[in-house]
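*Asks:* Take a look at the following structure, please.
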Amino acid sequence: MPMRLLLLFALLLISVSYLCAQQVSGYVLTEGQAPVPYANIYITQLQSGTTADENGYYFLTLPAPGEYELIVSSLGYETQALPITAEDEPLRMDVFLPTSSVELEEVVVRASKKDPAYAIIQHAIDHKKEYLKSINSFRSQVYVKATELIEEEERPRRKPQDDELQLENSIPDDPFAEAEKARQELLSNLNMVEMQLTLNYAYPKQYKEERTGYKLYGSKEGLFIPRFGEVDFNFYRNLVHLHGIAAAPIISPLSSTAILSYKYKLIESVEEDGQLVHKIEIIPRKSGNSTCSGHIYINDGLWNINRIAVTLPEDGLKFFDAFQLRLDYRQLPDERWIPYRQEFNYETNQGRFKTFKGNTTIRFEEYEADYDFPADFFDNEIVRTTQEAYERDTAYWNTTRPEALTAQQQQLVALRDSIERVHNSKEYQDSITAAYNKVSFLELVWDGVGWRHNERKLHLYMGSIPALIDFSVVGGFRVGPYMSGFKRWENGRMMSLSGRVHYGFRNEDVQGYADGWMRYNPHRLADVSLGGGRAFQSINTYDAFLNQLRPSNYILNDELYAGHRIELFNGFYLRTDMQFQNRQSIVGLNDTSFLTSFIEDTEEVLDFETYQAFITDWGISYTPAQQYMTEPNRKVVLGSKFPTFSLRHKRGWRGPLGSDVDFDYLELEIKQDLLLGIFGHSLYNVEVGNFINTRGLEFIDYRRFRQSDPIWYSSPRRSFQILDTALATTSPFVEFHLIHHFNGALINNLPLIKKTGIRLVAGGGLLWLSEGKFRHEELFAGVERVFKLGARRRLRVGLFGVAADGNYTKPKTTYKIALDIIDTWKRDWRF
């Protein structure tokens with residue numbers, strides 16, 4: 001099949017689900033109504049179908065109304081063939097699959113002859129639906145303690161000479177210095193967070209946290225602090241999703257088809273408090289990113305989990321080098337079993353001599369099963385933290401924590417509390433402010449000069465002497481000062497100001513800018529911005545890197561602008577911007593610099609009469625079911641499993657302030673991050689746009705598409721990898737990008753390749769312009785590997801092969817290198 005048809009099919013596959021009328025959707029479930037992930041859905045008459053997602057949900061479209069046969073199958077279950085009648089209205093069809101009495105039993109019987117663990121595990125699998133839904137809702141008080149101990153081995157050093165040894169031995173030990181050294185090491189090598197919360201749960205996966213106590217000692221950067229709405233350690237489910245920990249979900253040892261992924265070995269059977277408990281070793285049949293190893297403890301006769309302790313596969317971890325978890329259950333008076341303690345041990349290494357060892361412990365207390373929540377209690381807010389949570393004192397924690405601190409942790413708390421009391425005193429604040437506000441020689445020549453008022457949360461800054469030097473592609477070096485200011489209020493509002501004035505030697509001109517930004521409502525993510533200035537401006541600010549270094553890509557622009565952004569309701573944002581520009585050609589100016597000798601510029605500088613442009617640009621975007629956290633003075637957006645839909649209207653107004661432009665531009669965008677369980681995840685963007693009015697459209701305002709960089713792989717969500725020229729259009733266009741990370745799904749079973757740590761990636765893009773019926777399509781595939789940059793940072797390096805075709809170019813291929821650094825806050829990659 002031609003490449004252009006493959007890419008067009010990929011685009012249609014995403015968009016058709018929103019446009020077609022004959023739609024069939026539903027869930028594939030077990031007889032106990034548990035989801036069957038990744039079941040196969042097949043339409044006999046079409047000889048095609050789809051695959052259910054990790055929750056058992058499927059969606060497909062039919063070309064016309066009529067009678068069809070729907071065939072649903074999954075390994076370990078009996079295949080179901082169901083007649084359906086498709087009409088103009090969408091059809092909802094849930095399918096229930098009975099467990100196969102042939103496929104799995106054959107495996108279990110053969111294995112049971114070797115070890116009784118298989119029969120025990122099969123009993124647990126048969127009964128797990130009872131325990132998955134045994135408690136439909138609960139409310140519990142939860143205590144969380146996360147600690148990190150930094151261990152640093154002494155590096156080898158040269159052997160001291162005899163005279164040095166003699167000098168060292170002549171100096172008496174200072175007990176005060178040793179004690180102070182121990183205190184400083186404790187402060188710098190131990191971090192801890194304590195948290196008290198009310199956890200609310202309703203079946204199947206509705207969570208809401210109400211955090212009533214929070215105390216941080218040191219840094220939380222390397223700590224694992226779970227959000228229950230994102231991480232669900234429930235091994236009664238077929239897949240255990242570990243958001244922020246592992247790239248792929250883990251197949252539960254009690255999955256309906258676990259016998260195909262694991263081997264089991266009975267270690268011992270021991271009576272505990274009158275209950276016989278079987279300790280069973282979990283052994284992956286093949287190494288991979290979606291299996292775990294360890295032990296599961298099953299209660300005899302009840303066939304439920306007593307406790308489980310497993311190690312996650314190292315290659316599948318995003319942020320840590322090792323991760324183990326242990327979950328303990330206990331019995332309620334009504335004989336139902338609940339989780340009451342969870343413990344996680346994790347580790348990251350920095351070279352050979354420094355190790356960060358973490359431990360997170362979670363305790364459930366005051367468990368209220370079958371809690372009756374109001375109908376509208378669970379919504380998209382999954383965490384709420386009160387102001388009182390940050391004000392809890394030592395007495396509160398001494399009476400609240402269910403597990404005592406270690407001696408080392410107690411010492412850390414005492415030291416941190418004493419330091420906090422000193423730091424909060426007015427005398428100390430005044431002293432550090434005075435010290436900071438002193439101007440030193442180093443600040444002048446390197447750091448820049450800062451002035452701070454801690455009580456008012458005000459900070460001013462002026463750049464250093466080297467920072468006076470600036471560079472412009474047009475005209476070369478310029479010189480001038482930079483200043484900025486920042487102000488924060490207790491209610492979460494904040495404001496920043498910045499400005500610069502600089503002089504250009506070649507054209508003997510003065511340019512500069514002043515910008516202001518303020519977040520005036522943190523809970524509605526409401527911002528306002530103002531600014532203006534005079535500068536050489538790139539016509540296409542997102543063009544290829546080399547094009548940004550060519551003067552032909554620039555004009556001289558005087559500008560004033562204002563902008564506003566606000567969340568009107570959860571997930572729905574309104575953005576409004578306006579700008580007035582005085583646009584001038586740089587013809588007649590000296591546009592040379594030291595780059596002129598190295599970078600060839602074959603294009604002529606854009607020559608035009610000076611004109612004015614008053615432009616408004618507004619847009620709305622909506623992300624359904626956007627989850628978020630509420631802090632006392634801000635809202636933190638966490639994301640959604642649904643796409644983000646955006647609509648933009650950009651208008652040039654003729655008349656106001658002498659404006660000469662007149663145009664209207666509309667654009668629709670759909671983008672999403674699709675989590676596909678053990679099969680990896682995909683990211684896609686679809687954009688459709690057109691100028692509906694071009695009466696006074698200037699070349700600078702055309703819709704532009706980025707020329708590809710040589711060698712370097714640019715963001716696949718916004719650009720193409722082998723588009724050999726920058727494009728500009730005034731006609732309708734369609735732009736599509738897709739990238740899929742397999743997260744080891746295809747090469748997990750290849751031990752030699754798996755040891756290298758590489759992962760497969762594939763994707764493509766499509767661009768269609770109505771003007772000239774231009775078409776460009778490309779496919780890429782490659783490998784990527786993650787490298788450590790210290791304990792916290794991760795660098796992902798990729799090598800891609802790209803193939804492209806189009807109706808104006810011949811088929812071509814090339815190779816690209818990609819670099820991406822992980823976002824340590826989100827613990828995720830850019831693309």
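Chain labels follow the order of the structure tokens: the first chain is A, the next B, and so on; residue numbering restarts at 1 in every chain, and ligands are counted from 1 in their shown order.
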Run DSSP on the backbone of this structure and report the residues of range 540-656 of chain A it assigns to strand (DSSP E or B), as a ChimeraX atom specification.
*Replies:* /A:554-569,572-584,611-622,627-631,634-639,644-653
*Asks:* Now that the selection is made, can you save its residues with C-alpha atoms as a PDB file, in the first residue's frame?
*Replies:*
```pdb
ATOM      1  CA  TYR A 554      13.345  39.007  10.138  1.00  0.00           C
ATOM      2  CA  ILE A 555      11.516  42.340  10.144  1.00  0.00           C
ATOM      3  CA  LEU A 556      11.700  45.339  12.477  1.00  0.00           C
ATOM      4  CA  ASN A 557       8.631  45.507  14.691  1.00  0.00           C
ATOM      5  CA  ASP A 558       7.244  48.044  17.189  1.00  0.00           C
ATOM      6  CA  GLU A 559       4.616  46.318  19.315  1.00  0.00           C
ATOM      7  CA  LEU A 560       2.128  46.734  22.128  1.00  0.00           C
ATOM      8  CA  TYR A 561       0.195  43.704  23.361  1.00  0.00           C
ATOM      9  CA  ALA A 562      -2.228  42.555  26.047  1.00  0.00           C
ATOM     10  CA  GLY A 563      -3.452  39.082  26.896  1.00  0.00           C
ATOM     11  CA  HIS A 564      -5.798  37.284  29.248  1.00  0.00           C
ATOM     12  CA  ARG A 565      -6.423  33.616  30.091  1.00  0.00           C
ATOM     13  CA  ILE A 566      -8.950  32.090  32.496  1.00  0.00           C
ATOM     14  CA  GLU A 567     -10.548  28.738  33.248  1.00  0.00           C
ATOM     15  CA  LEU A 568     -14.300  29.338  33.057  1.00  0.00           C
ATOM     16  CA  PHE A 569     -15.118  25.902  34.440  1.00  0.00           C
ATOM     17  CA  PHE A 572     -12.654  24.819  29.761  1.00  0.00           C
ATOM     18  CA  TYR A 573     -10.259  27.706  29.066  1.00  0.00           C
ATOM     19  CA  LEU A 574     -10.767  31.045  27.367  1.00  0.00           C
ATOM     20  CA  ARG A 575      -7.773  32.927  25.958  1.00  0.00           C
ATOM     21  CA  THR A 576      -7.959  36.461  24.524  1.00  0.00           C
ATOM     22  CA  ASP A 577      -4.992  38.391  23.114  1.00  0.00           C
ATOM     23  CA  MET A 578      -4.607  41.617  21.201  1.00  0.00           C
ATOM     24  CA  GLN A 579      -1.622  43.320  19.688  1.00  0.00           C
ATOM     25  CA  PHE A 580      -0.789  46.443  17.750  1.00  0.00           C
ATOM     26  CA  GLN A 581       2.299  46.288  15.535  1.00  0.00           C
ATOM     27  CA  ASN A 582       4.180  48.759  13.417  1.00  0.00           C
ATOM     28  CA  ARG A 583       5.928  46.499  10.904  1.00  0.00           C
ATOM     29  CA  GLN A 584       8.981  47.701   8.995  1.00  0.00           C
ATOM     30  CA  TYR A 611       2.254  49.349   7.745  1.00  0.00           C
ATOM     31  CA  GLN A 612       0.296  48.894  10.969  1.00  0.00           C
ATOM     32  CA  ALA A 613      -1.542  45.797  12.159  1.00  0.00           C
ATOM     33  CA  PHE A 614      -4.140  45.566  14.935  1.00  0.00           C
ATOM     34  CA  ILE A 615      -4.826  41.867  15.560  1.00  0.00           C
ATOM     35  CA  THR A 616      -7.016  40.013  18.043  1.00  0.00           C
ATOM     36  CA  ASP A 617      -6.474  36.341  18.759  1.00  0.00           C
ATOM     37  CA  TRP A 618      -8.893  34.403  20.938  1.00  0.00           C
ATOM     38  CA  GLY A 619      -9.334  30.727  21.592  1.00  0.00           C
ATOM     39  CA  ILE A 620     -11.209  28.223  23.665  1.00  0.00           C
ATOM     40  CA  SER A 621     -10.066  24.770  24.679  1.00  0.00           C
ATOM     41  CA  TYR A 622     -11.832  22.015  26.519  1.00  0.00           C
ATOM     42  CA  GLN A 627      -8.543  15.866  37.016  1.00  0.00           C
ATOM     43  CA  TYR A 628      -6.950  18.309  39.418  1.00  0.00           C
ATOM     44  CA  MET A 629      -5.671  18.990  42.929  1.00  0.00           C
ATOM     45  CA  THR A 630      -6.815  21.918  45.059  1.00  0.00           C
ATOM     46  CA  GLU A 631      -4.241  23.572  47.312  1.00  0.00           C
ATOM     47  CA  ARG A 634      -3.701  27.285  43.836  1.00  0.00           C
ATOM     48  CA  LYS A 635      -5.123  24.642  41.506  1.00  0.00           C
ATOM     49  CA  VAL A 636      -2.862  21.933  40.057  1.00  0.00           C
ATOM     50  CA  VAL A 637      -4.037  20.308  36.819  1.00  0.00           C
ATOM     51  CA  LEU A 638      -3.233  16.587  36.532  1.00  0.00           C
ATOM     52  CA  GLY A 639      -4.607  15.708  33.091  1.00  0.00           C
ATOM     53  CA  THR A 644      -8.284  18.262  24.338  1.00  0.00           C
ATOM     54  CA  PHE A 645     -10.394  20.163  21.794  1.00  0.00           C
ATOM     55  CA  SER A 646      -9.306  23.692  20.837  1.00  0.00           C
ATOM     56  CA  LEU A 647     -10.831  26.353  18.594  1.00  0.00           C
ATOM     57  CA  ARG A 648      -8.974  29.514  17.578  1.00  0.00           C
ATOM     58  CA  HIS A 649     -10.030  32.690  15.754  1.00  0.00           C
ATOM     59  CA  LYS A 650      -7.433  35.245  14.701  1.00  0.00           C
ATOM     60  CA  ARG A 651      -8.602  38.522  13.149  1.00  0.00           C
ATOM     61  CA  GLY A 652      -6.834  41.469  11.596  1.00  0.00           C
ATOM     62  CA  TRP A 653      -8.840  44.695  11.936  1.00  0.00           C
TER      63      TRP A 653
END
```
*Asks:* Within 9 Å of range 695-697 of chain A, counting only C-alpha atoms, which residues show up once you throw out same-chain ones fewer than 5 positions away? Write them as a PyMOL selection string, please.
*Replies:* chain A and resi 652-654+660-664+702+730
*Asks:* Could you check how far CA of Ser708 in chain A sits from CA of Ala535 in chain A, in Å to one decimal?
*Replies:*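 Spanning CA of Ser708 in chain A to CA of Ala535 in chain A is a straight-line distance of 25.9 Å.
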*Asks:* Which neighbours of Ile43 in chain A fall inside 6 Å, counting only C-alpha atoms, when residues of the same chain fewer than 4 positions from it are skipped, and could you give them as a ChimeraX atom specification?
*Replies:* /A:47-49,69-70
*Asks:* Keeping only all heavy atoms, write those residues as a tab-separated table (two decimals), in the first residue's frame.
*Replies:*
```tsv
chain	number	residue	atom	x	y	z
A	47	GLN	N	-14.47	-8.15	7.77
A	47	GLN	CA	-13.16	-8.77	7.92
A	47	GLN	C	-12.16	-7.82	8.56
A	47	GLN	O	-10.99	-7.75	8.17
A	47	GLN	CB	-12.65	-9.29	6.57
A	47	GLN	CG	-13.51	-10.39	5.96
A	47	GLN	CD	-12.90	-10.98	4.71
A	47	GLN	OE1	-11.86	-10.55	4.24
A	47	GLN	NE2	-13.58	-11.97	4.15
A	48	SER	N	-12.64	-7.06	9.51
A	48	SER	CA	-11.79	-6.13	10.24
A	48	SER	C	-12.40	-5.89	11.60
A	48	SER	O	-13.53	-6.33	11.87
A	48	SER	CB	-11.63	-4.80	9.48
A	48	SER	OG	-12.89	-4.15	9.38
A	49	GLY	N	-11.68	-5.20	12.47
A	49	GLY	CA	-12.19	-4.95	13.80
A	49	GLY	C	-11.31	-4.01	14.58
A	49	GLY	O	-10.62	-3.16	14.00
A	69	GLU	N	-22.28	-9.43	12.26
A	69	GLU	CA	-21.93	-10.40	13.30
A	69	GLU	C	-20.70	-9.88	14.04
A	69	GLU	O	-19.64	-9.63	13.43
A	69	GLU	CB	-21.63	-11.77	12.70
A	69	GLU	CG	-21.33	-12.82	13.79
A	69	GLU	CD	-20.99	-14.19	13.22
A	69	GLU	OE1	-20.18	-14.25	12.27
A	69	GLU	OE2	-21.54	-15.19	13.71
A	70	LEU	N	-20.84	-9.70	15.36
A	70	LEU	CA	-19.77	-9.20	16.22
A	70	LEU	C	-19.13	-10.39	16.93
A	70	LEU	O	-19.80	-11.11	17.67
A	70	LEU	CB	-20.34	-8.21	17.24
A	70	LEU	CG	-19.35	-7.56	18.21
A	70	LEU	CD1	-18.50	-6.54	17.48
A	70	LEU	CD2	-20.09	-6.89	19.36
```
*Asks:* Determine the nearest neighbour of Asp828 in chain A from the options A:Leu97, A:Leu795, A:Ile469, A:Val587, counting only C-alpha atoms.
*Replies:*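 Checking each candidate against Asp828 in chain A, we get A:Leu795 as the closest.
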*Asks:* Pick out the residues sitting within 7 Å of range 294-304 of chain A, and hand them over as JSON, numbers by chain; count only C-alpha atoms, and ignore anything fewer than 5 positions along from it in its own chain.
*Replies:* {"A": [123, 124, 127, 128, 275, 276, 277, 278, 279, 280, 281, 282, 309, 310, 311]}
*Asks:* Given the choices A:Gln721, A:Glu194, A:Gly218, A:Leu766, which gets closest to Ala404 in chain A if the distance is worked out from only C-alpha atoms?
*Replies:*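 Of A:Gln721, A:Glu194, A:Gly218, A:Leu766, the one nearest Ala404 in chain A, counting only C-alpha atoms, is A:Glu194.
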*Asks:* Excluding Asp232 in chain A and its own-chain neighbours fewer than 4 positions away, which residues fall within 8 Å of it when counting only C-alpha atoms? Please give them as number ranges by chain.
*Replies:* A: 228, 240-242
*Asks:* Identify, on the basis of only C-alpha atoms, every residue whose closest approach to Glu31 in chain A does not exceed 8 Å; exclude the query and any residue fewer than 4 positions from it along the same chain; express the result as a PyMOL selection string.
*Replies:* chain A and resi 96-99
